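S.K.: Got a structure here, written out as structure tokens. Questions coming.
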Amino acid sequence: MQVAHTGQPPLIEIPSVLARTLDALGPFNSPPHLAVAVSGGVDSLALALLAHQWASARGGAITALTVDHGLRPASRAEAEQVARQMHARGITHHILTPPMAQPSNNLQEAARLRRYDALATWCRNHRIWHCLLAHHAGDQRETVAHHLARGKTADGAAGMAAARNYRGIRFLRPLLTTEKEQLIALLREQEMEWVEDPSNTQPRFARARNRAALAKDPAHAAELSTLAQQEGNARATRDNALAEAAIHCVTLHPAGYAALNRTAWMALPPTVGSQLLADILTTVSGATHRPRAADTQRLCILLQASGEAPTLLRRTLHGCEIRQQHGMIRIAREPARVAAPVTLCGQGSLRWDQRFTIHYALPDRVEMVLAALATRAKKYHPPGNWPRATPALWQGDRCLMLPHQHLPKGILPATSAITIGFTPAKPLAAAPFWWLNHKE
């Protein structure tokens with residue numbers, strides 16, 4: 001375990017800054033009970049101490065959560081060290097071990113999604129609706145620099161939101177205006193050791209490269225902080241406009257697809273129309289990021305040029321299948337991208353295709369298969385025009401259930417209970433971008 005120290009003096013105003021920020025991000029239950037994601041690094045350990053002090057002063061508590069991906073040999077020992085540190089200060093702590101994911105070309109992004117899923121699942125199961133994350137001012141600058149390097153967009157320049165809803169949990173970042181040096185000073189004052197993640201300095205990761213470049217250019221770092229605040233406020237305004245547009249133009253079906261009214265969509269300002277289309281693609285695909293702006297704009301041009309002719313137009317983008325006919329645009333999951341079938345038995349819960357949450361309780365010796373219609377389309381043709389990526393429950397070649405389909409008695413085995421809920425990673429009209437509008 002590598003331990004870092006610094007001679008930076010403590011700054012005693014940090015607790016009051018965090019208190020004002022959390023009060024602004026509320027309201028919370030009374031008394032408050034918050035989860036805090038704690039990796040063992042300086043940022044999250046400092047946040048845990050500050051949040052514990054804040055909650056205790058209000059008669060509440062925090063629970064520290066450490067996600068151990070098992071990607072490094074030392075990760076379990078580091079998680080157990082965090083547990084000891086938390087317990088020594090009277091803080092409840094749990095280690096979460098999400099299941100291994102499929103191999104990915106983007107290791108950090110895959111780990112990030114697994115981490116958020118693990119935190120959200122634990123919080124929902126324990127009815128704790130707020131989870132604190134320790135991203136600080138330096139992380140915000142690195143995020144903005146990363147987005148600018150990929151091609152400037154207004155949303156990318158806004159950086160990270162101080163509040164974000166994900167799978168029913170509100171993730172909060174109360175340290176976005178706090179510098180890392182302040183957090184280091186706090187831990188030194190508390191005589192607490194912390195772990196340095198080796199990936200933070202590996203140049204093969206874009207964030208590590210941005211971090212090193214910004215450390216050498218303080219003037220540019222200051223510019224990025226100002227840019228993030230300006231664009232963050234502007235993004236909140238855009239998000240409200242997009243939510244209003246979605247209400248008037250989009251019907252989102254609980255089976256996981258969307259219908260876009262072409263006439264109403266065409267009447268939107270071009271920028272709003274393009275961003276709304278990108279948001280629909282993101283929600284329906286289960287992705288966490290929009291498609292590239294240039295790709296979305298090309299699709300917009302194609303849809304606008306096709307007119308309202310009855311001829312069918314079909315395209316794919318961002319893991320979605322886009323079909324336009326008779327003035328209506330339908331956006332559904334691309335069948336070739338749907339997750340593999342899963343066998344259900346006993347009782348439990350699972351996420352499928354990064355878009356659906358399934359809860360099930362089946363009698364003994366009863367099994368069902370969760371699979372897309374496309375996998376058995378030749379053997380079963382449901383009534384209506386269901387997209388081929390629609391999840392369905394099967395026994396052999398017999399389709400038992402589609403999402404929100406009315407089921408006659410006797411279709412499901414007695415004493416069985418199954419729900420299929422469309423819970424995409426990014427809702428179509430989520431809460432607007434929330435930025436810390438004050439600067440301490």
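By order in the structure tokens, chains are A, B, ...; within a chain, residues start at 1; ligands start at 1, following the order shown.
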Considering only C-alpha atoms, return as a PyMOL selection string whatever protein or nucleic-acid residues lie within 10 Å of Arg351 of chain A, sequence-local ones (same chain, fewer than 5 positions apart) excluded.

M.R.: chain A and resi 117+356-359+420-424

S.K.: For the residues in that selection, give me N, CA and C atoms as a PDB file, in the first residue's frame.

M.R.:
ATOM      1  N   ASP A 117     -23.489   1.308 -10.562  1.00  0.00           N
ATOM      2  CA  ASP A 117     -24.554   0.320 -10.418  1.00  0.00           C
ATOM      3  C   ASP A 117     -24.531  -0.309  -9.026  1.00  0.00           C
ATOM      4  N   PHE A 356     -33.294  -2.505 -18.320  1.00  0.00           N
ATOM      5  CA  PHE A 356     -34.447  -3.035 -17.607  1.00  0.00           C
ATOM      6  C   PHE A 356     -34.026  -3.603 -16.254  1.00  0.00           C
ATOM      7  N   THR A 357     -34.898  -3.382 -15.265  1.00  0.00           N
ATOM      8  CA  THR A 357     -34.731  -3.993 -13.951  1.00  0.00           C
ATOM      9  C   THR A 357     -35.814  -5.050 -13.796  1.00  0.00           C
ATOM     10  N   ILE A 358     -35.405  -6.269 -13.525  1.00  0.00           N
ATOM     11  CA  ILE A 358     -36.344  -7.388 -13.427  1.00  0.00           C
ATOM     12  C   ILE A 358     -36.325  -7.913 -11.999  1.00  0.00           C
ATOM     13  N   HIS A 359     -37.495  -8.006 -11.395  1.00  0.00           N
ATOM     14  CA  HIS A 359     -37.669  -8.657 -10.093  1.00  0.00           C
ATOM     15  C   HIS A 359     -38.518  -9.900 -10.325  1.00  0.00           C
ATOM     16  N   ILE A 420     -41.087  -6.301 -14.965  1.00  0.00           N
ATOM     17  CA  ILE A 420     -40.046  -5.839 -15.893  1.00  0.00           C
ATOM     18  C   ILE A 420     -40.188  -4.329 -16.012  1.00  0.00           C
ATOM     19  N   GLY A 421     -39.249  -3.589 -15.467  1.00  0.00           N
ATOM     20  CA  GLY A 421     -39.327  -2.140 -15.465  1.00  0.00           C
ATOM     21  C   GLY A 421     -38.260  -1.504 -16.339  1.00  0.00           C
ATOM     22  N   PHE A 422     -38.666  -0.537 -17.173  1.00  0.00           N
ATOM     23  CA  PHE A 422     -37.720   0.183 -18.015  1.00  0.00           C
ATOM     24  C   PHE A 422     -37.035   1.249 -17.165  1.00  0.00           C
ATOM     25  N   THR A 423     -35.753   1.027 -16.858  1.00  0.00           N
ATOM     26  CA  THR A 423     -34.994   1.920 -15.986  1.00  0.00           C
ATOM     27  C   THR A 423     -33.660   2.251 -16.651  1.00  0.00           C
ATOM     28  N   PRO A 424     -33.669   3.072 -17.694  1.00  0.00           N
ATOM     29  CA  PRO A 424     -32.417   3.385 -18.405  1.00  0.00           C
ATOM     30  C   PRO A 424     -31.459   4.164 -17.529  1.00  0.00           C
TER      31      PRO A 424
END

S.K.: Run DSSP on the backbone of this structure and report the residues of segment 33-242 of chain A it assigns to strand (DSSP E or B), as a ChimeraX atom specification.

M.R.: /A:33-37,61-67,92-96,130-132,163-166,169-172,195

S.K.: With C-alpha atoms kept, could you save the residues just selected as a compact mmCIF listing (two decimals), in the first residue's frame?

M.R.:
# COMPACT_ATOMS: atom_id res chain seq x y z
CA HIS A 33 -28.82 9.36 6.45
CA LEU A 34 -26.43 9.60 3.50
CA ALA A 35 -24.18 7.09 1.77
CA VAL A 36 -20.63 8.16 0.90
CA ALA A 37 -18.52 6.41 -1.75
CA ALA A 61 -25.51 9.39 10.14
CA ILE A 62 -23.59 8.29 7.08
CA THR A 63 -22.70 4.88 5.70
CA ALA A 64 -19.38 4.58 3.88
CA LEU A 65 -19.35 2.28 0.83
CA THR A 66 -16.20 0.95 -0.83
CA VAL A 67 -16.50 -0.79 -4.19
CA THR A 92 -20.66 2.27 9.42
CA HIS A 93 -18.87 0.78 6.42
CA HIS A 94 -19.60 -1.86 3.78
CA ILE A 95 -17.45 -3.34 1.00
CA LEU A 96 -19.33 -3.93 -2.25
CA HIS A 130 -28.53 10.17 -1.49
CA CYS A 131 -24.95 9.08 -2.16
CA LEU A 132 -22.04 11.53 -1.94
CA ALA A 163 -26.42 16.55 -8.45
CA ARG A 164 -27.34 13.64 -10.70
CA ASN A 165 -30.18 11.12 -10.61
CA TYR A 166 -29.11 7.58 -11.48
CA ILE A 169 -30.57 7.44 -6.37
CA ARG A 170 -29.45 11.05 -6.16
CA PHE A 171 -25.66 11.24 -6.46
CA LEU A 172 -24.22 14.47 -5.05
CA VAL A 195 -4.00 5.41 -0.69

S.K.: Would you write out, as a Markdown table, a table of all residues in segment 154-256 of chain A that have an atom no more than 12 Å from an atom of segment 331-341 of chain A, listing for each the closest atom pair and the distance in Å to one decimal, considering only C-alpha atoms and ordering rows by chain and rising residue number?

M.R.:
| residue | atom | partner | partner_atom | distance |
| --- | --- | --- | --- | --- |
| A:Val250 | CA | A:Ile331 | CA | 10.4 |
| A:Thr251 | CA | A:Ile331 | CA | 10.5 |
| A:Leu252 | CA | A:Ile331 | CA | 9.6 |
| A:His253 | CA | A:Ala332 | CA | 9.9 |
| A:Pro254 | CA | A:Ala332 | CA | 11.6 |
| A:Ala255 | CA | A:Ala332 | CA | 9.4 |
| A:Gly256 | CA | A:Ala332 | CA | 7.0 |

S.K.: Give me, please, the distance in Å between atom CA of Trp352 of chain A and atom CA of Ala162 of chain A, quoted to one decimal.

M.R.: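 Calculated distance between atom CA of Trp352 of chain A and atom CA of Ala162 of chain A is 28.2 Å.
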
S.K.: Within 9 Å of Met192 of chain A, counting only C-alpha atoms, which residues qualify if same-chain residues fewer than 4 places away don't, as an NGL selection string?

M.R.: :A and (45 or 85 or 186-188)

S.K.: What's around Gln347 of chain A at 7 Å? Count only C-alpha atoms, leave out sequence neighbours fewer than 2 positions away in its own chain, and write the answer as a PyMOL selection string.

M.R.: chain A and resi 345+360-362

S.K.: Select, from A:Asn240, A:Gln140, A:Asn210, A:Gln53, the residue with the minimum atom-to-atom distance to Pro32 of chain A, counting only C-alpha atoms.

M.R.: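 Answer, going by the shortest atom-to-atom distance: A:Gln53.
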
S.K.: Have a look at atom CA of Val38 of chain A and atom CA of Val82 of chain A and let me know their distance in Å, one decimal.

M.R.: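 Separation between atom CA of Val38 of chain A and atom CA of Val82 of chain A: 7.7 Å.
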
S.K.: To one decimal place in Å, what is the distance between atom CA of Ala267 of chain A and atom CA of Trp434 of chain A?

M.R.: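 Atom CA of Trp434 of chain A lies at a distance of 27.9 Å from atom CA of Ala267 of chain A.
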
S.K.: May I have the residues within 6 Å of segment 176-181 of chain A as a PDB file with N, CA and C atoms, in the first residue's frame, using only C-alpha atoms and disregarding those fewer than 2 positions away in the same chain?

M.R.:
ATOM      1  N   HIS A 136     -13.652  16.756  -6.882  1.00  0.00           N
ATOM      2  CA  HIS A 136     -13.318  18.094  -6.407  1.00  0.00           C
ATOM      3  C   HIS A 136     -13.030  19.017  -7.590  1.00  0.00           C
ATOM      4  N   ALA A 137     -12.546  20.214  -7.298  1.00  0.00           N
ATOM      5  CA  ALA A 137     -12.341  21.216  -8.339  1.00  0.00           C
ATOM      6  C   ALA A 137     -11.344  20.748  -9.400  1.00  0.00           C
ATOM      7  N   PRO A 174     -20.530  17.425  -3.531  1.00  0.00           N
ATOM      8  CA  PRO A 174     -20.482  18.700  -2.800  1.00  0.00           C
ATOM      9  C   PRO A 174     -19.108  19.360  -2.767  1.00  0.00           C
ATOM     10  N   LEU A 183      -8.207  19.317   0.941  1.00  0.00           N
ATOM     11  CA  LEU A 183      -8.569  18.008   1.475  1.00  0.00           C
ATOM     12  C   LEU A 183      -7.354  17.299   2.057  1.00  0.00           C
ATOM     13  N   ILE A 184      -6.215  17.455   1.395  1.00  0.00           N
ATOM     14  CA  ILE A 184      -4.967  16.897   1.941  1.00  0.00           C
ATOM     15  C   ILE A 184      -4.668  17.506   3.302  1.00  0.00           C
TER      16      ILE A 184
END

S.K.: From a DSSP pass on the backbone, collect the residues of segment 122-170 of chain A flagged as helix (DSSP H, G or I) and hand them back as a VMD selection string.

M.R.: chain A and resid 122 to 125 137 to 149 154 to 157

S.K.: Can you spit out the residues from that selection as a JSON list (two decimals), in the first residue's frame, using C-alpha atoms?

M.R.:
[["chain", "number", "residue", "atom", "x", "y", "z"],
["A", 122, "TRP", "CA", -27.06, -0.98, -2.33],
["A", 123, "CYS", "CA", -28.65, 2.40, -1.64],
["A", 124, "ARG", "CA", -32.02, 1.36, -3.08],
["A", 125, "ASN", "CA", -32.01, -1.88, -1.15],
["A", 137, "ALA", "CA", -12.34, 21.22, -8.34],
["A", 138, "GLY", "CA", -9.33, 19.55, -9.94],
["A", 139, "ASP", "CA", -11.46, 16.65, -11.16],
["A", 140, "GLN", "CA", -13.88, 19.15, -12.66],
["A", 141, "ARG", "CA", -11.12, 20.87, -14.61],
["A", 142, "GLU", "CA", -9.81, 17.54, -15.88],
["A", 143, "THR", "CA", -13.30, 16.58, -17.03],
["A", 144, "VAL", "CA", -13.74, 19.81, -18.95],
["A", 145, "ALA", "CA", -10.27, 19.45, -20.51],
["A", 146, "HIS", "CA", -11.11, 15.89, -21.54],
["A", 147, "HIS", "CA", -14.32, 16.96, -23.28],
["A", 148, "LEU", "CA", -12.66, 19.90, -24.99],
["A", 149, "ALA", "CA", -9.92, 17.61, -26.33],
["A", 154, "ALA", "CA", -21.60, 23.07, -24.64],
["A", 155, "ASP", "CA", -22.55, 20.15, -22.39],
["A", 156, "GLY", "CA", -18.98, 18.86, -22.23],
["A", 157, "ALA", "CA", -17.67, 22.28, -21.25]]

S.K.: Find the residues near Met266 of chain A: any atom within 12 Å, counting only C-alpha atoms, skip ones fewer than 3 places away on the same chain, and give them as JSON, numbers by chain.

M.R.: {"A": [245, 248, 249, 260, 261, 262, 263, 269, 270, 271, 272, 273, 274, 276, 277, 300, 301, 303, 304, 305, 307, 308, 327, 328, 329]}

S.K.: Those same residues, written as a tab-separated table (two decimals), in the first residue's frame with C-alpha atoms?

M.R.:
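File part_39.tsv, as written:
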chain	number	residue	atom	x	y	z
A	245	ALA	CA	-39.66	19.68	-25.88
A	248	HIS	CA	-44.63	17.87	-26.49
A	249	CYS	CA	-42.83	15.62	-28.98
A	260	LEU	CA	-41.20	10.96	-31.93
A	261	ASN	CA	-43.85	13.16	-33.54
A	262	ARG	CA	-42.04	14.38	-36.65
A	263	THR	CA	-44.16	17.51	-37.17
A	269	PRO	CA	-35.16	25.18	-32.96
A	270	PRO	CA	-32.49	23.13	-34.79
A	271	THR	CA	-30.15	22.86	-31.79
A	272	VAL	CA	-32.94	21.74	-29.46
A	273	GLY	CA	-34.22	19.23	-32.02
A	274	SER	CA	-30.78	17.70	-32.50
A	276	LEU	CA	-33.54	15.96	-28.11
A	277	LEU	CA	-32.89	13.28	-30.74
A	300	CYS	CA	-31.39	14.89	-38.34
A	301	ILE	CA	-30.70	16.00	-41.92
A	303	LEU	CA	-34.96	12.51	-41.27
A	304	GLN	CA	-35.87	16.06	-42.24
A	305	ALA	CA	-35.15	15.47	-45.92
A	307	GLY	CA	-40.49	14.19	-45.79
A	308	GLU	CA	-43.72	12.56	-44.66
A	327	GLY	CA	-44.84	11.22	-40.17
A	328	MET	CA	-43.82	9.21	-37.08
A	329	ILE	CA	-40.27	8.35	-36.06

S.K.: Pick from A:Glu223, A:Ala430, A:Arg114, A:Leu49: nearest to His87 of chain A, with only C-alpha atoms counted?

M.R.: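 Nearest candidate to His87 of chain A out of A:Glu223, A:Ala430, A:Arg114, A:Leu49: A:Leu49.
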
S.K.: Which is closer to Gly232 of chain A than all the others in A:Pro387, A:Asp68, A:Met160, A:Thr419, using only C-alpha atoms?

M.R.: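 Checking each of A:Pro387, A:Asp68, A:Met160, A:Thr419 against Gly232 of chain A, counting only C-alpha atoms, the winner is A:Met160.
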